[in-house]
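Peer 1: One structure, pasted below without further comment.
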Amino acid sequence: MIEPFPIAGERVVLRRFASDDLAAFQHYRNDPAVGLYQGWRPMTDAQAASFIASMRSAPAFAEGEWLQVAVAERASDRLLGDIGLHQSTDGTTGELGFSFAPASQGRGLASEAVRLAVASFFAHTPVTQVIGVTDARNEASIRLLERIGMTRVTTQGAIFRGEPCVEHTYAIARPSQELGSSRRR
């Protein structure tokens, strides 16, 4: 596959992590409010540096694997957050998850970045839908997923960090005009 990153939008860029991203990454990834509904846990600086290095060389859209990409401000290249991308092992479904620094929230930057991530799935993989799973209490994520055109398809009980919770799964289908043009690259 041809390397799809960077992918530039109007105000944001999806790109591979850089070593210089460590301090900003650690700043928002260690914020308890940012991590409240996330599957990840804060890391030491050494663990985070190793994670960033591994994501720089990880293959894009490998079936059954997660890839974390940086979301940077287009004008300054300042790290705003990150998006996790996962293609199912059968290649039919993409899944994404996202984390953004508090200073980046509430300005439409996350919506722009998540739209770019969804478009990248449809441009570079054969997936027929992209999903996002969120805790039912995570109102900001629910609003974002709905804002970009995702529809709630399931609601179910789950166990998160040892506690019962309710999770919503949102989905968006590949636009029909792209069905004939999609191909594995």
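To be explicit about the labels: the chains of the structure tokens are called A, B, and onward in the order shown, and within each one the residues are counted from 1, while ligands get numbers from 1 in the order they are shown.
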What are the closest atom pairs, with distances in Å to one decimal, for each residue of segment 117-142 of chain A lying within 10 Å of segment 148-155 of chain A, using only C-alpha atoms, rows by chain and rising residue number, as CSV?

Peer 2:
residue,atom,partner,partner_atom,distance
A:Val118,CA,A:Ile148,CA,9.3
A:Val130,CA,A:Met150,CA,8.7
A:Ile131,CA,A:Met150,CA,7.9
A:Gly132,CA,A:Met150,CA,8.4
A:Val133,CA,A:Thr154,CA,9.4
A:Thr134,CA,A:Thr155,CA,9.7
A:Asp135,CA,A:Thr155,CA,9.6
A:Ala136,CA,A:Thr155,CA,8.4
A:Ile142,CA,A:Arg152,CA,9.0

Peer 1: Would you export the selected residues with N, CA and C atoms as an mmCIF file, in the first residue's frame, please?

Peer 2:
data_model
loop_
_atom_site.group_PDB
_atom_site.id
_atom_site.type_symbol
_atom_site.label_atom_id
_atom_site.label_comp_id
_atom_site.auth_asym_id
_atom_site.auth_seq_id
_atom_site.Cartn_x
_atom_site.Cartn_y
_atom_site.Cartn_z
ATOM 1 N N VAL A 118 -12.428 8.994 8.333
ATOM 2 C CA VAL A 118 -13.456 8.179 7.664
ATOM 3 C C VAL A 118 -13.188 8.156 6.161
ATOM 4 N N VAL A 130 -17.621 2.301 8.445
ATOM 5 C CA VAL A 130 -16.713 2.694 9.520
ATOM 6 C C VAL A 130 -17.570 2.885 10.762
ATOM 7 N N ILE A 131 -17.083 2.350 11.891
ATOM 8 C CA ILE A 131 -17.823 2.442 13.142
ATOM 9 C C ILE A 131 -17.015 3.201 14.194
ATOM 10 N N GLY A 132 -17.746 3.696 15.169
ATOM 11 C CA GLY A 132 -17.167 4.284 16.366
ATOM 12 C C GLY A 132 -17.968 3.787 17.549
ATOM 13 N N VAL A 133 -17.302 3.344 18.596
ATOM 14 C CA VAL A 133 -17.961 2.831 19.796
ATOM 15 C C VAL A 133 -17.670 3.812 20.923
ATOM 16 N N THR A 134 -18.726 4.227 21.637
ATOM 17 C CA THR A 134 -18.540 5.189 22.708
ATOM 18 C C THR A 134 -19.399 4.851 23.917
ATOM 19 N N ASP A 135 -18.905 5.209 25.061
ATOM 20 C CA ASP A 135 -19.666 5.081 26.297
ATOM 21 C C ASP A 135 -20.885 6.005 26.191
ATOM 22 N N ALA A 136 -22.036 5.531 26.614
ATOM 23 C CA ALA A 136 -23.275 6.310 26.526
ATOM 24 C C ALA A 136 -23.204 7.605 27.332
ATOM 25 N N ILE A 142 -20.527 11.397 21.371
ATOM 26 C CA ILE A 142 -21.796 11.122 20.694
ATOM 27 C C ILE A 142 -22.134 12.263 19.740
#

Peer 1: Tell me, which residues of segment 72-174 of chain A carry DSSP helix (DSSP H, G or I), written as a PyMOL selection string?

Peer 2: chain A and resi 102-104+109-124+139-147

Peer 1: Write the selection just made, keeping C-alpha atoms, as a PDB file, in the first residue's frame?

Peer 2:
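As written to disk, selection_25.pdb reads:
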ATOM      1  CA  PRO A 102      -8.853  20.070  25.919  1.00  0.00           C
ATOM      2  CA  ALA A 103      -7.567  23.237  24.189  1.00  0.00           C
ATOM      3  CA  SER A 104      -8.423  21.633  20.826  1.00  0.00           C
ATOM      4  CA  LEU A 109     -11.130  20.499  14.730  1.00  0.00           C
ATOM      5  CA  ALA A 110     -11.976  16.993  15.946  1.00  0.00           C
ATOM      6  CA  SER A 111     -14.954  16.810  13.573  1.00  0.00           C
ATOM      7  CA  GLU A 112     -12.739  17.796  10.646  1.00  0.00           C
ATOM      8  CA  ALA A 113     -10.095  15.239  11.651  1.00  0.00           C
ATOM      9  CA  VAL A 114     -12.587  12.391  12.138  1.00  0.00           C
ATOM     10  CA  ARG A 115     -14.194  13.176   8.749  1.00  0.00           C
ATOM     11  CA  LEU A 116     -10.722  12.911   7.182  1.00  0.00           C
ATOM     12  CA  ALA A 117     -10.152   9.580   8.951  1.00  0.00           C
ATOM     13  CA  VAL A 118     -13.456   8.179   7.664  1.00  0.00           C
ATOM     14  CA  ALA A 119     -12.654   9.384   4.124  1.00  0.00           C
ATOM     15  CA  SER A 120      -9.203   7.783   4.352  1.00  0.00           C
ATOM     16  CA  PHE A 121     -10.755   4.408   5.205  1.00  0.00           C
ATOM     17  CA  PHE A 122     -12.968   4.621   2.126  1.00  0.00           C
ATOM     18  CA  ALA A 123     -10.121   5.842  -0.098  1.00  0.00           C
ATOM     19  CA  HIS A 124      -7.505   3.282   0.948  1.00  0.00           C
ATOM     20  CA  GLU A 139     -21.911  13.158  25.287  1.00  0.00           C
ATOM     21  CA  ALA A 140     -19.134  15.013  23.445  1.00  0.00           C
ATOM     22  CA  SER A 141     -18.161  11.897  21.456  1.00  0.00           C
ATOM     23  CA  ILE A 142     -21.796  11.122  20.694  1.00  0.00           C
ATOM     24  CA  ARG A 143     -22.307  14.661  19.349  1.00  0.00           C
ATOM     25  CA  LEU A 144     -19.149  14.407  17.230  1.00  0.00           C
ATOM     26  CA  LEU A 145     -20.104  11.036  15.723  1.00  0.00           C
ATOM     27  CA  GLU A 146     -23.582  12.295  14.903  1.00  0.00           C
ATOM     28  CA  ARG A 147     -22.225  15.589  13.520  1.00  0.00           C
TER      29      ARG A 147
END

Peer 1: Find, counting only C-alpha atoms, the residue in A:Ala101, A:Ile159, A:Ala171, A:Leu14 that gets nearest to Asp31 of chain A.

Peer 2: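 Once distances to Asp31 of chain A are computed over only C-alpha atoms, the minimum belongs to A:Ala101.
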
Peer 1: Apply DSSP to the structure's backbone, then extract all residues of segment 59-156 of chain A labelled strand (DSSP E) and return them as an mmCIF file with N, CA and C atoms, in the first residue's frame.

Peer 2:
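Saved as selection.cif:
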data_model
loop_
_atom_site.group_PDB
_atom_site.id
_atom_site.type_symbol
_atom_site.label_atom_id
_atom_site.label_comp_id
_atom_site.auth_asym_id
_atom_site.auth_seq_id
_atom_site.Cartn_x
_atom_site.Cartn_y
_atom_site.Cartn_z
ATOM 1 N N TRP A 66 -4.385 -2.056 14.923
ATOM 2 C CA TRP A 66 -4.679 -0.645 15.191
ATOM 3 C C TRP A 66 -3.478 0.190 14.791
ATOM 4 N N LEU A 67 -3.743 1.363 14.253
ATOM 5 C CA LEU A 67 -2.724 2.374 13.975
ATOM 6 C C LEU A 67 -3.195 3.671 14.596
ATOM 7 N N GLN A 68 -2.334 4.305 15.368
ATOM 8 C CA GLN A 68 -2.640 5.602 15.958
ATOM 9 C C GLN A 68 -1.937 6.647 15.106
ATOM 10 N N VAL A 69 -2.693 7.649 14.627
ATOM 11 C CA VAL A 69 -2.106 8.731 13.847
ATOM 12 C C VAL A 69 -2.294 10.046 14.585
ATOM 13 N N ALA A 70 -1.353 10.937 14.388
ATOM 14 C CA ALA A 70 -1.399 12.260 15.005
ATOM 15 C C ALA A 70 -2.369 13.148 14.245
ATOM 16 N N VAL A 71 -3.030 14.032 14.981
ATOM 17 C CA VAL A 71 -3.830 15.097 14.384
ATOM 18 C C VAL A 71 -3.121 16.387 14.757
ATOM 19 N N ALA A 72 -2.684 17.116 13.742
ATOM 20 C CA ALA A 72 -1.935 18.348 13.980
ATOM 21 C C ALA A 72 -2.658 19.531 13.347
ATOM 22 N N GLU A 73 -2.413 20.688 13.915
ATOM 23 C CA GLU A 73 -2.922 21.920 13.326
ATOM 24 C C GLU A 73 -2.157 22.163 12.023
ATOM 25 N N LEU A 79 0.588 19.419 17.700
ATOM 26 C CA LEU A 79 -0.236 18.243 17.971
ATOM 27 C C LEU A 79 -1.500 18.653 18.714
ATOM 28 N N LEU A 80 -2.659 18.224 18.187
ATOM 29 C CA LEU A 80 -3.960 18.516 18.781
ATOM 30 C C LEU A 80 -4.572 17.301 19.455
ATOM 31 N N GLY A 81 -4.217 16.116 18.952
ATOM 32 C CA GLY A 81 -4.799 14.877 19.449
ATOM 33 C C GLY A 81 -4.359 13.718 18.584
ATOM 34 N N ASP A 82 -5.074 12.615 18.691
ATOM 35 C CA ASP A 82 -4.752 11.455 17.869
ATOM 36 C C ASP A 82 -6.011 10.656 17.580
ATOM 37 N N ILE A 83 -5.929 9.879 16.518
ATOM 38 C CA ILE A 83 -7.046 9.032 16.088
ATOM 39 C C ILE A 83 -6.513 7.623 15.888
ATOM 40 N N GLY A 84 -7.214 6.641 16.459
ATOM 41 C CA GLY A 84 -6.894 5.238 16.252
ATOM 42 C C GLY A 84 -7.708 4.711 15.090
ATOM 43 N N LEU A 85 -7.056 3.959 14.201
ATOM 44 C CA LEU A 85 -7.689 3.383 13.016
ATOM 45 C C LEU A 85 -7.490 1.878 13.039
ATOM 46 N N HIS A 86 -8.555 1.136 12.821
ATOM 47 C CA HIS A 86 -8.499 -0.328 12.836
ATOM 48 C C HIS A 86 -9.352 -0.876 11.699
ATOM 49 N N GLN A 87 -8.782 -1.772 10.925
ATOM 50 C CA GLN A 87 -9.539 -2.471 9.888
ATOM 51 C C GLN A 87 -9.751 -3.905 10.365
ATOM 52 N N THR A 93 -14.887 -3.827 7.773
ATOM 53 C CA THR A 93 -15.275 -2.761 8.689
ATOM 54 C C THR A 93 -14.043 -2.014 9.202
ATOM 55 N N GLY A 94 -14.143 -0.704 9.198
ATOM 56 C CA GLY A 94 -13.137 0.139 9.824
ATOM 57 C C GLY A 94 -13.686 0.609 11.158
ATOM 58 N N GLU A 95 -12.822 0.802 12.113
ATOM 59 C CA GLU A 95 -13.226 1.353 13.400
ATOM 60 C C GLU A 95 -12.266 2.471 13.752
ATOM 61 N N LEU A 96 -12.798 3.504 14.384
ATOM 62 C CA LEU A 96 -11.938 4.584 14.819
ATOM 63 C C LEU A 96 -12.261 5.000 16.231
ATOM 64 N N GLY A 97 -11.274 5.572 16.872
ATOM 65 C CA GLY A 97 -11.401 6.155 18.198
ATOM 66 C C GLY A 97 -10.532 7.401 18.229
ATOM 67 N N PHE A 98 -10.840 8.333 19.103
ATOM 68 C CA PHE A 98 -10.122 9.604 19.074
ATOM 69 C C PHE A 98 -9.946 10.185 20.462
ATOM 70 N N SER A 99 -8.861 10.939 20.608
ATOM 71 C CA SER A 99 -8.531 11.659 21.838
ATOM 72 C C SER A 99 -7.987 13.020 21.434
ATOM 73 N N PHE A 100 -8.496 14.075 22.064
ATOM 74 C CA PHE A 100 -8.051 15.428 21.733
ATOM 75 C C PHE A 100 -7.743 16.214 22.995
ATOM 76 N N GLN A 129 -18.114 -0.058 5.768
ATOM 77 C CA GLN A 129 -18.604 0.850 6.804
ATOM 78 C C GLN A 129 -17.486 1.164 7.781
ATOM 79 N N VAL A 130 -17.621 2.301 8.445
ATOM 80 C CA VAL A 130 -16.713 2.694 9.520
ATOM 81 C C VAL A 130 -17.570 2.885 10.762
ATOM 82 N N ILE A 131 -17.083 2.350 11.891
ATOM 83 C CA ILE A 131 -17.823 2.442 13.142
ATOM 84 C C ILE A 131 -17.015 3.201 14.194
ATOM 85 N N GLY A 132 -17.746 3.696 15.169
ATOM 86 C CA GLY A 132 -17.167 4.284 16.366
ATOM 87 C C GLY A 132 -17.968 3.787 17.549
ATOM 88 N N VAL A 133 -17.302 3.344 18.596
ATOM 89 C CA VAL A 133 -17.961 2.831 19.796
ATOM 90 C C VAL A 133 -17.670 3.812 20.923
ATOM 91 N N THR A 134 -18.726 4.227 21.637
ATOM 92 C CA THR A 134 -18.540 5.189 22.708
ATOM 93 C C THR A 134 -19.399 4.851 23.917
ATOM 94 N N ASP A 135 -18.905 5.209 25.061
ATOM 95 C CA ASP A 135 -19.666 5.081 26.297
ATOM 96 C C ASP A 135 -20.885 6.005 26.191
ATOM 97 N N THR A 151 -24.661 7.130 12.379
ATOM 98 C CA THR A 151 -25.954 6.793 12.958
ATOM 99 C C THR A 151 -25.763 5.714 14.012
ATOM 100 N N ARG A 152 -26.488 5.839 15.122
ATOM 101 C CA ARG A 152 -26.410 4.810 16.157
ATOM 102 C C ARG A 152 -27.054 3.536 15.629
ATOM 103 N N VAL A 153 -26.292 2.414 15.694
ATOM 104 C CA VAL A 153 -26.806 1.142 15.184
ATOM 105 C C VAL A 153 -27.048 0.125 16.291
ATOM 106 N N THR A 154 -26.319 0.230 17.387
ATOM 107 C CA THR A 154 -26.564 -0.680 18.513
ATOM 108 C C THR A 154 -26.281 0.037 19.825
ATOM 109 N N THR A 155 -26.928 -0.473 20.861
ATOM 110 C CA THR A 155 -26.658 -0.061 22.238
ATOM 111 C C THR A 155 -26.625 -1.341 23.051
ATOM 112 N N GLN A 156 -25.584 -1.515 23.825
ATOM 113 C CA GLN A 156 -25.487 -2.746 24.622
ATOM 114 C C GLN A 156 -24.696 -2.515 25.892
#
